[in-house]
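Colleague: So here's entry34.cif (mmCIF, C-alpha atoms).
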data_structure
loop_
_atom_site.group_PDB
_atom_site.id
_atom_site.type_symbol
_atom_site.label_atom_id
_atom_site.label_comp_id
_atom_site.auth_asym_id
_atom_site.auth_seq_id
_atom_site.Cartn_x
_atom_site.Cartn_y
_atom_site.Cartn_z
ATOM 1 C CA ASP A 234 -53.442 -12.216 96.295
ATOM 2 C CA ALA A 235 -54.979 -14.019 99.270
ATOM 3 C CA MET A 236 -57.254 -15.928 96.899
ATOM 4 C CA LEU A 237 -54.314 -16.891 94.703
ATOM 5 C CA GLU A 238 -52.554 -18.308 97.770
ATOM 6 C CA ASP A 239 -55.590 -20.301 98.991
ATOM 7 C CA ARG A 240 -54.241 -23.756 98.168
ATOM 8 C CA PHE A 241 -56.405 -26.282 96.381
ATOM 9 C CA ARG A 242 -59.655 -24.804 97.677
ATOM 10 C CA LEU A 243 -61.066 -24.941 94.156
ATOM 11 C CA LEU A 244 -59.813 -28.475 93.702
ATOM 12 C CA ALA A 245 -61.700 -29.590 96.780
ATOM 13 C CA ASN A 246 -64.873 -27.866 95.617
ATOM 14 C CA HIS A 247 -64.820 -29.151 92.064
ATOM 15 C CA THR A 248 -63.578 -32.721 92.324
ATOM 16 C CA ARG A 249 -65.990 -34.089 94.937
ATOM 17 C CA GLY A 250 -67.634 -37.189 93.453
ATOM 18 C CA ALA A 251 -65.504 -37.114 90.305
ATOM 19 C CA PRO A 252 -63.742 -40.225 88.929
ATOM 20 C CA PRO A 253 -60.230 -40.886 90.310
ATOM 21 C CA ARG A 254 -58.593 -39.817 87.036
ATOM 22 C CA HIS A 255 -60.240 -36.390 87.389
ATOM 23 C CA HIS A 256 -58.844 -36.061 90.914
ATOM 24 C CA THR A 257 -55.405 -36.946 89.554
ATOM 25 C CA LEU A 258 -55.664 -34.492 86.662
ATOM 26 C CA ARG A 259 -56.833 -31.599 88.819
ATOM 27 C CA ALA A 260 -54.214 -32.386 91.427
ATOM 28 C CA ALA A 261 -51.537 -32.291 88.730
ATOM 29 C CA ILE A 262 -52.816 -28.939 87.433
ATOM 30 C CA GLY A 263 -53.053 -27.654 90.984
ATOM 31 C CA TRP A 264 -49.463 -28.692 91.616
ATOM 32 C CA SER A 265 -48.373 -26.812 88.487
ATOM 33 C CA HIS A 266 -50.270 -23.800 89.823
ATOM 34 C CA GLU A 267 -48.333 -24.055 93.096
ATOM 35 C CA LEU A 268 -45.049 -23.962 91.181
ATOM 36 C CA CYS A 269 -45.959 -20.649 89.511
ATOM 37 C CA THR A 270 -45.100 -17.254 90.934
ATOM 38 C CA PRO A 271 -48.002 -14.949 91.900
ATOM 39 C CA SER A 272 -47.549 -12.975 88.662
ATOM 40 C CA GLU A 273 -47.594 -16.155 86.588
ATOM 41 C CA ARG A 274 -50.759 -17.342 88.351
ATOM 42 C CA LEU A 275 -52.439 -14.013 87.709
ATOM 43 C CA LEU A 276 -51.438 -14.114 84.045
ATOM 44 C CA TRP A 277 -52.665 -17.711 83.757
ATOM 45 C CA ALA A 278 -56.057 -16.650 85.107
ATOM 46 C CA ARG A 279 -56.282 -13.678 82.768
ATOM 47 C CA LEU A 280 -55.151 -15.640 79.712
ATOM 48 C CA SER A 281 -58.172 -17.886 80.179
ATOM 49 C CA VAL A 282 -60.213 -15.157 78.448
ATOM 50 C CA PHE A 283 -58.628 -16.386 75.190
ATOM 51 C CA THR A 284 -60.667 -19.319 73.923
ATOM 52 C CA ALA A 285 -58.287 -19.934 70.995
ATOM 53 C CA PRO A 286 -54.562 -19.433 70.256
ATOM 54 C CA PHE A 287 -53.321 -15.887 70.870
ATOM 55 C CA ASP A 288 -50.112 -13.927 70.318
ATOM 56 C CA VAL A 289 -47.886 -11.885 72.631
ATOM 57 C CA GLU A 290 -49.355 -8.595 71.401
ATOM 58 C CA ALA A 291 -52.848 -9.696 72.414
ATOM 59 C CA ALA A 292 -51.678 -10.997 75.792
ATOM 60 C CA GLU A 293 -49.927 -7.713 76.555
ATOM 61 C CA ALA A 294 -52.903 -5.576 75.536
ATOM 62 C CA VAL A 295 -55.571 -7.616 77.306
ATOM 63 C CA CYS A 296 -53.815 -8.828 80.449
ATOM 64 C CA SER A 297 -51.575 -5.953 81.540
ATOM 65 C CA ASP A 298 -52.353 -3.386 84.241
ATOM 66 C CA ALA A 299 -50.731 -1.908 87.343
ATOM 67 C CA HIS A 300 -50.661 -5.347 88.999
ATOM 68 C CA LEU A 301 -49.170 -7.005 85.918
ATOM 69 C CA PRO A 302 -47.057 -4.499 83.932
ATOM 70 C CA GLN A 303 -46.896 -4.969 80.173
ATOM 71 C CA GLU A 304 -43.109 -5.269 80.198
ATOM 72 C CA ASP A 305 -43.340 -8.281 82.550
ATOM 73 C CA ILE A 306 -45.699 -10.279 80.342
ATOM 74 C CA PRO A 307 -43.245 -11.675 77.730
ATOM 75 C CA GLY A 308 -41.061 -13.143 80.483
ATOM 76 C CA ALA A 309 -44.073 -14.577 82.315
ATOM 77 C CA LEU A 310 -45.347 -16.123 79.083
ATOM 78 C CA LYS A 311 -41.962 -17.758 78.543
ATOM 79 C CA GLU A 312 -42.078 -19.195 82.063
ATOM 80 C CA LEU A 313 -45.591 -20.569 81.508
ATOM 81 C CA VAL A 314 -44.395 -22.237 78.303
ATOM 82 C CA GLY A 315 -41.467 -23.741 80.236
ATOM 83 C CA LYS A 316 -43.900 -25.099 82.844
ATOM 84 C CA SER A 317 -46.156 -26.574 80.121
ATOM 85 C CA ILE A 318 -49.081 -24.336 81.056
ATOM 86 C CA LEU A 319 -48.860 -22.777 77.603
ATOM 87 C CA ILE A 320 -48.032 -24.455 74.303
ATOM 88 C CA GLN A 321 -46.254 -22.444 71.619
ATOM 89 C CA ASP A 322 -47.231 -23.006 67.993
ATOM 90 C CA GLY A 323 -44.602 -21.848 65.522
ATOM 91 C CA SER A 324 -41.327 -20.047 66.065
ATOM 92 C CA GLY A 325 -41.366 -17.290 63.432
ATOM 93 C CA GLU A 326 -42.046 -13.597 63.855
ATOM 94 C CA HIS A 327 -45.645 -14.194 64.871
ATOM 95 C CA PRO A 328 -45.886 -17.339 67.046
ATOM 96 C CA TYR A 329 -49.150 -18.214 68.752
ATOM 97 C CA LEU A 330 -49.696 -19.560 72.244
ATOM 98 C CA ARG A 331 -52.507 -21.760 73.506
ATOM 99 C CA MET A 332 -53.714 -23.689 76.517
ATOM 100 C CA LEU A 333 -55.257 -27.123 76.707
ATOM 101 C CA ASP A 334 -58.952 -26.850 77.536
ATOM 102 C CA THR A 335 -58.578 -28.316 81.031
ATOM 103 C CA VAL A 336 -55.727 -25.936 81.852
ATOM 104 C CA ARG A 337 -57.707 -22.981 80.535
ATOM 105 C CA GLU A 338 -60.779 -23.984 82.545
ATOM 106 C CA TYR A 339 -58.683 -24.145 85.691
ATOM 107 C CA GLY A 340 -57.364 -20.633 85.052
ATOM 108 C CA HIS A 341 -60.845 -19.377 84.231
ATOM 109 C CA THR A 342 -62.127 -20.618 87.585
ATOM 110 C CA TRP A 343 -59.520 -18.434 89.270
ATOM 111 C CA LEU A 344 -60.513 -15.491 87.078
ATOM 112 C CA GLN A 345 -64.106 -15.910 88.244
ATOM 113 C CA GLU A 346 -62.977 -16.181 91.855
ATOM 114 C CA LEU A 347 -61.115 -12.891 91.460
ATOM 115 C CA GLY A 348 -64.263 -11.225 90.065
ATOM 116 C CA ASP A 349 -62.352 -10.101 86.987
ATOM 117 C CA GLU A 350 -64.133 -12.040 84.243
ATOM 118 C CA ASP A 351 -66.178 -9.189 82.742
ATOM 119 C CA ARG A 352 -63.321 -6.672 82.856
ATOM 120 C CA LEU A 353 -61.008 -9.041 80.971
ATOM 121 C CA ALA A 354 -63.736 -9.829 78.442
ATOM 122 C CA ASP A 355 -64.198 -6.068 77.903
ATOM 123 C CA ARG A 356 -60.474 -5.647 77.293
ATOM 124 C CA HIS A 357 -60.455 -8.668 74.971
ATOM 125 C CA ALA A 358 -63.297 -7.197 72.908
ATOM 126 C CA ALA A 359 -61.620 -3.774 72.799
ATOM 127 C CA PHE A 360 -58.381 -5.291 71.510
ATOM 128 C CA TYR A 361 -60.093 -7.194 68.708
ATOM 129 C CA LEU A 362 -62.120 -4.143 67.722
ATOM 130 C CA ARG A 363 -58.843 -2.238 67.317
ATOM 131 C CA LEU A 364 -57.436 -5.140 65.301
ATOM 132 C CA ALA A 365 -60.526 -5.168 63.053
ATOM 133 C CA ARG A 366 -60.027 -1.452 62.365
ATOM 134 C CA GLN A 367 -56.415 -2.077 61.362
ATOM 135 C CA ALA A 368 -57.336 -5.033 59.155
ATOM 136 C CA GLU A 369 -60.133 -3.154 57.401
ATOM 137 C CA SER A 370 -57.862 -0.175 56.757
ATOM 138 C CA ALA A 371 -55.153 -2.395 55.225
ATOM 139 C CA TRP A 372 -57.429 -4.827 53.377
ATOM 140 C CA SER A 373 -57.316 -3.110 49.983
ATOM 141 C CA GLY A 374 -53.529 -2.703 50.050
ATOM 142 C CA PRO A 375 -50.470 -4.866 49.348
ATOM 143 C CA GLU A 376 -50.707 -6.659 52.726
ATOM 144 C CA GLN A 377 -54.121 -8.156 52.050
ATOM 145 C CA LEU A 378 -52.852 -11.744 51.977
ATOM 146 C CA ALA A 379 -51.060 -11.328 55.308
ATOM 147 C CA TRP A 380 -54.169 -9.814 56.882
ATOM 148 C CA TYR A 381 -56.289 -12.626 55.454
ATOM 149 C CA ALA A 382 -54.063 -15.169 57.207
ATOM 150 C CA ARG A 383 -53.991 -13.130 60.413
ATOM 151 C CA MET A 384 -57.730 -12.537 60.665
ATOM 152 C CA THR A 385 -58.563 -16.110 59.701
ATOM 153 C CA SER A 386 -56.478 -17.179 62.708
ATOM 154 C CA GLU A 387 -58.175 -14.546 64.876
ATOM 155 C CA HIS A 388 -61.689 -15.484 63.740
ATOM 156 C CA PRO A 389 -62.577 -17.394 66.965
ATOM 157 C CA HIS A 390 -61.610 -14.314 68.984
ATOM 158 C CA ILE A 391 -63.758 -12.058 66.795
ATOM 159 C CA ARG A 392 -66.680 -14.367 67.463
ATOM 160 C CA ALA A 393 -66.001 -14.340 71.202
ATOM 161 C CA ALA A 394 -65.740 -10.539 71.214
ATOM 162 C CA LEU A 395 -69.009 -10.183 69.310
ATOM 163 C CA GLU A 396 -70.825 -12.571 71.634
ATOM 164 C CA HIS A 397 -69.583 -10.610 74.652
ATOM 165 C CA LEU A 398 -70.606 -7.251 73.194
ATOM 166 C CA LEU A 399 -73.996 -8.581 72.081
ATOM 167 C CA THR A 400 -74.867 -10.041 75.478
ATOM 168 C CA HIS A 401 -73.686 -7.277 77.840
ATOM 169 C CA PRO A 402 -75.699 -4.079 78.374
ATOM 170 C CA GLY A 403 -74.356 -0.867 76.952
ATOM 171 C CA ARG A 404 -72.053 -2.458 74.402
ATOM 172 C CA GLY A 405 -74.364 -2.319 71.390
ATOM 173 C CA ARG A 406 -72.501 0.443 69.562
ATOM 174 C CA GLU A 407 -69.232 -1.479 69.758
ATOM 175 C CA ALA A 408 -71.015 -4.615 68.525
ATOM 176 C CA LEU A 409 -72.333 -2.644 65.538
ATOM 177 C CA GLU A 410 -68.889 -1.342 64.695
ATOM 178 C CA LEU A 411 -67.079 -4.655 65.054
ATOM 179 C CA ALA A 412 -69.657 -6.595 63.020
ATOM 180 C CA ALA A 413 -69.575 -3.942 60.276
ATOM 181 C CA ARG A 414 -65.797 -3.493 60.106
ATOM 182 C CA MET A 415 -65.430 -7.238 59.574
ATOM 183 C CA TRP A 416 -67.167 -6.955 56.180
ATOM 184 C CA PHE A 417 -64.035 -8.263 54.440
ATOM 185 C CA MET A 418 -64.270 -11.493 56.446
ATOM 186 C CA TRP A 419 -67.982 -11.936 55.821
ATOM 187 C CA ILE A 420 -67.950 -11.024 52.124
ATOM 188 C CA ALA A 421 -64.453 -11.621 50.731
ATOM 189 C CA CYS A 422 -63.744 -14.717 52.829
ATOM 190 C CA GLY A 423 -67.031 -16.548 52.288
ATOM 191 C CA ARG A 424 -68.816 -16.070 55.631
ATOM 192 C CA LEU A 425 -71.910 -14.270 54.371
ATOM 193 C CA ARG A 426 -74.472 -16.018 56.554
ATOM 194 C CA GLU A 427 -72.437 -15.600 59.727
ATOM 195 C CA GLY A 428 -71.823 -11.923 59.074
ATOM 196 C CA ARG A 429 -75.473 -11.219 58.362
ATOM 197 C CA LEU A 430 -76.545 -12.996 61.538
ATOM 198 C CA TYR A 431 -74.171 -10.916 63.673
ATOM 199 C CA LEU A 432 -75.199 -7.685 61.951
ATOM 200 C CA ASP A 433 -78.907 -8.497 62.339
ATOM 201 C CA ARG A 434 -78.406 -9.129 66.053
ATOM 202 C CA ALA A 435 -76.431 -5.923 66.530
ATOM 203 C CA LEU A 436 -78.955 -3.832 64.595
ATOM 204 C CA ARG A 437 -81.832 -5.183 66.687
ATOM 205 C CA LEU A 438 -79.902 -4.547 69.879
ATOM 206 C CA ASP A 439 -78.993 -0.885 69.337
ATOM 207 C CA VAL A 440 -81.474 1.190 67.322
ATOM 208 C CA ALA A 441 -80.241 4.682 68.253
ATOM 209 C CA PRO A 442 -79.078 6.694 65.209
ATOM 210 C CA CYS A 443 -75.295 6.853 64.993
ATOM 211 C CA ARG A 444 -72.515 6.420 62.447
ATOM 212 C CA GLU A 445 -71.815 2.875 63.658
ATOM 213 C CA ARG A 446 -75.432 1.874 63.035
ATOM 214 C CA THR A 447 -75.382 3.476 59.574
ATOM 215 C CA ARG A 448 -72.240 1.525 58.695
ATOM 216 C CA ALA A 449 -73.843 -1.696 59.945
ATOM 217 C CA LEU A 450 -76.973 -1.007 57.876
ATOM 218 C CA TRP A 451 -75.193 -0.602 54.544
ATOM 219 C CA THR A 452 -72.884 -3.535 55.339
ATOM 220 C CA CYS A 453 -75.849 -5.792 56.068
ATOM 221 C CA GLY A 454 -77.553 -4.580 52.883
ATOM 222 C CA TRP A 455 -74.367 -5.279 50.938
ATOM 223 C CA ILE A 456 -74.224 -8.845 52.285
ATOM 224 C CA ALA A 457 -77.883 -9.406 51.422
ATOM 225 C CA SER A 458 -77.194 -8.146 47.891
ATOM 226 C CA VAL A 459 -74.298 -10.571 47.500
ATOM 227 C CA GLN A 460 -76.673 -13.300 48.673
ATOM 228 C CA VAL A 461 -78.989 -12.225 45.812
ATOM 229 C CA ASP A 462 -81.617 -11.209 48.362
ATOM 230 C CA ALA A 463 -82.673 -7.842 46.992
ATOM 231 C CA ALA A 464 -85.908 -7.870 48.984
ATOM 232 C CA GLY A 465 -83.942 -8.377 52.185
ATOM 233 C CA ALA A 466 -81.288 -5.824 51.249
ATOM 234 C CA THR A 467 -83.629 -2.964 50.372
ATOM 235 C CA PRO A 468 -84.925 -2.052 53.871
ATOM 236 C CA TYR A 469 -81.374 -1.922 55.278
ATOM 237 C CA LEU A 470 -80.082 0.183 52.400
ATOM 238 C CA GLU A 471 -83.013 2.588 52.376
ATOM 239 C CA GLU A 472 -82.574 3.170 56.100
ATOM 240 C CA ALA A 473 -78.825 3.591 55.572
ATOM 241 C CA VAL A 474 -79.364 6.247 52.874
ATOM 242 C CA ALA A 475 -81.755 8.179 55.129
ATOM 243 C CA ALA A 476 -79.478 7.823 58.166
ATOM 244 C CA ALA A 477 -76.403 8.947 56.238
ATOM 245 C CA ASP A 478 -78.280 12.018 55.046
ATOM 246 C CA ALA A 479 -79.501 12.835 58.565
ATOM 247 C CA LEU A 480 -75.993 12.447 60.000
ATOM 248 C CA ASP A 481 -74.338 14.308 57.106
ATOM 249 C CA ASP A 482 -72.129 11.297 56.429
ATOM 250 C CA PRO A 483 -71.208 11.385 52.720
ATOM 251 C CA GLU A 484 -68.996 8.284 52.883
ATOM 252 C CA ALA A 485 -71.846 6.191 54.301
ATOM 253 C CA ALA A 486 -74.234 7.704 51.745
ATOM 254 C CA THR A 487 -71.896 6.650 48.932
ATOM 255 C CA HIS A 488 -71.742 3.063 50.174
ATOM 256 C CA ALA A 489 -75.486 2.884 50.789
ATOM 257 C CA LEU A 490 -76.343 4.240 47.330
ATOM 258 C CA GLN A 491 -73.790 1.973 45.639
ATOM 259 C CA TRP A 492 -75.151 -1.198 47.203
ATOM 260 C CA SER A 493 -78.725 -0.053 46.777
ATOM 261 C CA GLY A 494 -78.010 0.252 43.052
ATOM 262 C CA CYS A 495 -76.473 -3.214 42.984
ATOM 263 C CA ALA A 496 -79.501 -4.683 44.745
ATOM 264 C CA ARG A 497 -81.877 -3.040 42.235
ATOM 265 C CA THR A 498 -79.753 -4.143 39.303
ATOM 266 C CA SER A 499 -80.043 -7.757 40.433
ATOM 267 C CA THR A 500 -83.824 -7.500 40.109
ATOM 268 C CA GLY A 501 -83.636 -6.048 36.606
#
Could you render the structure from this file as structure tokens?
Modeller:
Amino acid sequence: DAMLEDRFRLLANHTRGAPPRHHTLRAAIGWSHELCTPSERLLWARLSVFTAPFDVEAAEAVCSDAHLPQEDIPGALKELVGKSILIQDGSGEHPYLRMLDTVREYGHTWLQELGDEDRLADRHAAFYLRLARQAESAWSGPEQLAWYARMTSEHPHIRAALEHLLTHPGRGREALELAARMWFMWIACGRLREGRLYLDRALRLDVAPCRERTRALWTCGWIASVQVDAAGATPYLEEAVAAADALDDPEAATHALQWSGCARTSTG
């Protein structure tokens, strides 16, 4: 709280030698910061973890804790919209909120000052992993079109979550799961190359046998098969078959054998 009350210290540190318009812009943002309550300032800082538009559900899940209760977040979001810190896109059942880059960067500086950057990024990644599980589960049902629209909008956040998990120690298993559960985005939505790159990175990062790795192996082999790269698909799928057998995972074995057959069929 003391840091949040330390007026314009960041402005002084970051605007030295900048053009006059930058001084004016930062002063204006700093003045807006002064007009916010402590809870609104804290939420502003935490919302900076979102690099793209986000919804209320995401804000509540990622930003709430004992210092900022979940039930207080909708009201604080409304206040930040009223103070032009946030911009609301749409007014239906699922509106999205966003910040201008300069406003987000200002909030992110406070998040760094508070030493909370990694914790918020962890919570952000955890939320989007849960969302990926929900989307994958519903993909083959009657709500597919709605999930397509939702996950297309959330795609920048999936990327951000994957980058965080792939670059922070001990998060390899989560990276494997997230990259694999997004198969519908990579394959059905035309992002084959991107999906394979993320899966390759995750598979190189975490080589310990586990169900998440097995899933990532057959998913990467599936993508390679769709790319008509049977030679590239085969090592992934062979390892997936062996791993599924070792882990007694019949579902993974079914997927691995199915896509292994497809890869072999493509070669005649």
Colleague: For Trp455 (chain A), which residue out of A:Arg356, A:Arg429, A:Arg366, A:Arg274 is the nearest one, using all atoms listed in the file?
Modeller: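 Nearest to Trp455 (chain A): A:Arg429.
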Colleague: Looking at all atoms listed in the file, which of A:Glu387, A:Ala473, A:Gly465, A:Pro483 is the one that sits closest to Ala496 (chain A)?
Modeller: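 Closest to Ala496 (chain A) of all the choices is A:Gly465.
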Colleague: Closest to Glu410 (chain A) among A:Ser373, A:Ala309, A:Ala394, A:Gly315, using all atoms listed in the file?
Modeller: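 For Glu410 (chain A), the nearest of the given residues is A:Ala394.
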Colleague: Write out as a ChimeraX atom specification which residues come within 10 Å of Ala479 (chain A) when counting only C-alpha atoms, dropping same-chain ones fewer than 5 positions away.
Modeller: /A:442-443,473-474
Colleague: Report, in Å with one decimal, the straight-line distance from CA of Ser297 (chain A) to CA of Leu411 (chain A).
Modeller: 22.7 Å
Colleague: State, in Å with one decimal place, the distance from CA of Glu445 (chain A) to CA of Ala463 (chain A).
Modeller: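 Straight-line distance from CA of Glu445 (chain A) to CA of Ala463 (chain A) works out to 22.6 Å.
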Colleague: Rebuild N, CA and C atoms on region 408-441 of chain A, as a PDB file, in the frame of the given file?
Modeller:
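Here's the written file selection-v7.pdb:
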ATOM      1  N   ALA A 408     -70.629  -3.424  69.295  1.00  0.00           N
ATOM      2  CA  ALA A 408     -71.015  -4.615  68.525  1.00  0.00           C
ATOM      3  C   ALA A 408     -71.326  -4.241  67.083  1.00  0.00           C
ATOM      4  N   LEU A 409     -72.036  -3.115  66.889  1.00  0.00           N
ATOM      5  CA  LEU A 409     -72.333  -2.644  65.538  1.00  0.00           C
ATOM      6  C   LEU A 409     -71.053  -2.379  64.760  1.00  0.00           C
ATOM      7  N   GLU A 410     -70.116  -1.695  65.400  1.00  0.00           N
ATOM      8  CA  GLU A 410     -68.889  -1.342  64.695  1.00  0.00           C
ATOM      9  C   GLU A 410     -68.059  -2.568  64.350  1.00  0.00           C
ATOM     10  N   LEU A 411     -67.900  -3.473  65.313  1.00  0.00           N
ATOM     11  CA  LEU A 411     -67.079  -4.655  65.054  1.00  0.00           C
ATOM     12  C   LEU A 411     -67.694  -5.514  63.957  1.00  0.00           C
ATOM     13  N   ALA A 412     -69.006  -5.766  64.043  1.00  0.00           N
ATOM     14  CA  ALA A 412     -69.657  -6.595  63.020  1.00  0.00           C
ATOM     15  C   ALA A 412     -69.547  -5.953  61.637  1.00  0.00           C
ATOM     16  N   ALA A 413     -69.641  -4.623  61.569  1.00  0.00           N
ATOM     17  CA  ALA A 413     -69.575  -3.942  60.276  1.00  0.00           C
ATOM     18  C   ALA A 413     -68.154  -3.882  59.738  1.00  0.00           C
ATOM     19  N   ARG A 414     -67.181  -3.612  60.587  1.00  0.00           N
ATOM     20  CA  ARG A 414     -65.797  -3.493  60.106  1.00  0.00           C
ATOM     21  C   ARG A 414     -65.231  -4.832  59.644  1.00  0.00           C
ATOM     22  N   MET A 415     -65.873  -5.915  60.024  1.00  0.00           N
ATOM     23  CA  MET A 415     -65.430  -7.238  59.574  1.00  0.00           C
ATOM     24  C   MET A 415     -66.037  -7.636  58.235  1.00  0.00           C
ATOM     25  N   TRP A 416     -66.533  -6.646  57.462  1.00  0.00           N
ATOM     26  CA  TRP A 416     -67.167  -6.955  56.180  1.00  0.00           C
ATOM     27  C   TRP A 416     -66.265  -7.795  55.284  1.00  0.00           C
ATOM     28  N   PHE A 417     -64.957  -7.531  55.322  1.00  0.00           N
ATOM     29  CA  PHE A 417     -64.035  -8.263  54.440  1.00  0.00           C
ATOM     30  C   PHE A 417     -64.023  -9.752  54.778  1.00  0.00           C
ATOM     31  N   MET A 418     -64.208 -10.084  56.057  1.00  0.00           N
ATOM     32  CA  MET A 418     -64.270 -11.493  56.446  1.00  0.00           C
ATOM     33  C   MET A 418     -65.591 -12.111  55.989  1.00  0.00           C
ATOM     34  N   TRP A 419     -66.675 -11.388  56.189  1.00  0.00           N
ATOM     35  CA  TRP A 419     -67.982 -11.936  55.821  1.00  0.00           C
ATOM     36  C   TRP A 419     -68.122 -12.083  54.308  1.00  0.00           C
ATOM     37  N   ILE A 420     -67.699 -11.056  53.567  1.00  0.00           N
ATOM     38  CA  ILE A 420     -67.950 -11.024  52.124  1.00  0.00           C
ATOM     39  C   ILE A 420     -66.803 -11.636  51.326  1.00  0.00           C
ATOM     40  N   ALA A 421     -65.588 -11.173  51.547  1.00  0.00           N
ATOM     41  CA  ALA A 421     -64.453 -11.621  50.731  1.00  0.00           C
ATOM     42  C   ALA A 421     -63.963 -13.006  51.117  1.00  0.00           C
ATOM     43  N   CYS A 422     -64.268 -13.430  52.353  1.00  0.00           N
ATOM     44  CA  CYS A 422     -63.744 -14.717  52.829  1.00  0.00           C
ATOM     45  C   CYS A 422     -64.835 -15.769  52.978  1.00  0.00           C
ATOM     46  N   GLY A 423     -66.008 -15.510  52.391  1.00  0.00           N
ATOM     47  CA  GLY A 423     -67.031 -16.548  52.288  1.00  0.00           C
ATOM     48  C   GLY A 423     -67.800 -16.865  53.553  1.00  0.00           C
ATOM     49  N   ARG A 424     -68.054 -15.843  54.391  1.00  0.00           N
ATOM     50  CA  ARG A 424     -68.816 -16.070  55.631  1.00  0.00           C
ATOM     51  C   ARG A 424     -70.063 -15.178  55.645  1.00  0.00           C
ATOM     52  N   LEU A 425     -70.773 -15.164  54.543  1.00  0.00           N
ATOM     53  CA  LEU A 425     -71.910 -14.270  54.371  1.00  0.00           C
ATOM     54  C   LEU A 425     -72.992 -14.499  55.434  1.00  0.00           C
ATOM     55  N   ARG A 426     -73.376 -15.729  55.630  1.00  0.00           N
ATOM     56  CA  ARG A 426     -74.472 -16.018  56.554  1.00  0.00           C
ATOM     57  C   ARG A 426     -74.096 -15.614  57.975  1.00  0.00           C
ATOM     58  N   GLU A 427     -72.881 -15.948  58.377  1.00  0.00           N
ATOM     59  CA  GLU A 427     -72.437 -15.600  59.727  1.00  0.00           C
ATOM     60  C   GLU A 427     -72.429 -14.088  59.925  1.00  0.00           C
ATOM     61  N   GLY A 428     -71.875 -13.367  58.956  1.00  0.00           N
ATOM     62  CA  GLY A 428     -71.823 -11.923  59.074  1.00  0.00           C
ATOM     63  C   GLY A 428     -73.201 -11.299  59.158  1.00  0.00           C
ATOM     64  N   ARG A 429     -74.122 -11.784  58.341  1.00  0.00           N
ATOM     65  CA  ARG A 429     -75.473 -11.219  58.362  1.00  0.00           C
ATOM     66  C   ARG A 429     -76.169 -11.500  59.688  1.00  0.00           C
ATOM     67  N   LEU A 430     -75.943 -12.675  60.240  1.00  0.00           N
ATOM     68  CA  LEU A 430     -76.545 -12.996  61.538  1.00  0.00           C
ATOM     69  C   LEU A 430     -76.038 -12.056  62.624  1.00  0.00           C
ATOM     70  N   TYR A 431     -74.715 -11.822  62.658  1.00  0.00           N
ATOM     71  CA  TYR A 431     -74.171 -10.916  63.673  1.00  0.00           C
ATOM     72  C   TYR A 431     -74.685  -9.493  63.467  1.00  0.00           C
ATOM     73  N   LEU A 432     -74.721  -9.037  62.219  1.00  0.00           N
ATOM     74  CA  LEU A 432     -75.199  -7.685  61.951  1.00  0.00           C
ATOM     75  C   LEU A 432     -76.678  -7.541  62.297  1.00  0.00           C
ATOM     76  N   ASP A 433     -77.482  -8.532  61.973  1.00  0.00           N
ATOM     77  CA  ASP A 433     -78.907  -8.497  62.339  1.00  0.00           C
ATOM     78  C   ASP A 433     -79.073  -8.369  63.850  1.00  0.00           C
ATOM     79  N   ARG A 434     -78.310  -9.169  64.589  1.00  0.00           N
ATOM     80  CA  ARG A 434     -78.406  -9.129  66.053  1.00  0.00           C
ATOM     81  C   ARG A 434     -77.996  -7.758  66.587  1.00  0.00           C
ATOM     82  N   ALA A 435     -76.912  -7.222  66.058  1.00  0.00           N
ATOM     83  CA  ALA A 435     -76.431  -5.923  66.530  1.00  0.00           C
ATOM     84  C   ALA A 435     -77.423  -4.808  66.191  1.00  0.00           C
ATOM     85  N   LEU A 436     -78.005  -4.864  65.006  1.00  0.00           N
ATOM     86  CA  LEU A 436     -78.955  -3.832  64.595  1.00  0.00           C
ATOM     87  C   LEU A 436     -80.239  -3.883  65.414  1.00  0.00           C
ATOM     88  N   ARG A 437     -80.649  -5.070  65.825  1.00  0.00           N
ATOM     89  CA  ARG A 437     -81.832  -5.183  66.687  1.00  0.00           C
ATOM     90  C   ARG A 437     -81.526  -4.711  68.108  1.00  0.00           C
ATOM     91  N   LEU A 438     -80.289  -4.874  68.501  1.00  0.00           N
ATOM     92  CA  LEU A 438     -79.902  -4.547  69.879  1.00  0.00           C
ATOM     93  C   LEU A 438     -79.800  -3.045  70.111  1.00  0.00           C
ATOM     94  N   ASP A 439     -79.229  -2.320  69.163  1.00  0.00           N
ATOM     95  CA  ASP A 439     -78.993  -0.885  69.337  1.00  0.00           C
ATOM     96  C   ASP A 439     -79.615  -0.150  68.164  1.00  0.00           C
ATOM     97  N   VAL A 440     -80.728   0.541  68.410  1.00  0.00           N
ATOM     98  CA  VAL A 440     -81.474   1.190  67.322  1.00  0.00           C
ATOM     99  C   VAL A 440     -81.272   2.702  67.304  1.00  0.00           C
ATOM    100  N   ALA A 441     -80.461   3.232  68.218  1.00  0.00           N
ATOM    101  CA  ALA A 441     -80.241   4.682  68.253  1.00  0.00           C
ATOM    102  C   ALA A 441     -79.441   5.117  67.031  1.00  0.00           C
TER     103      ALA A 441
END
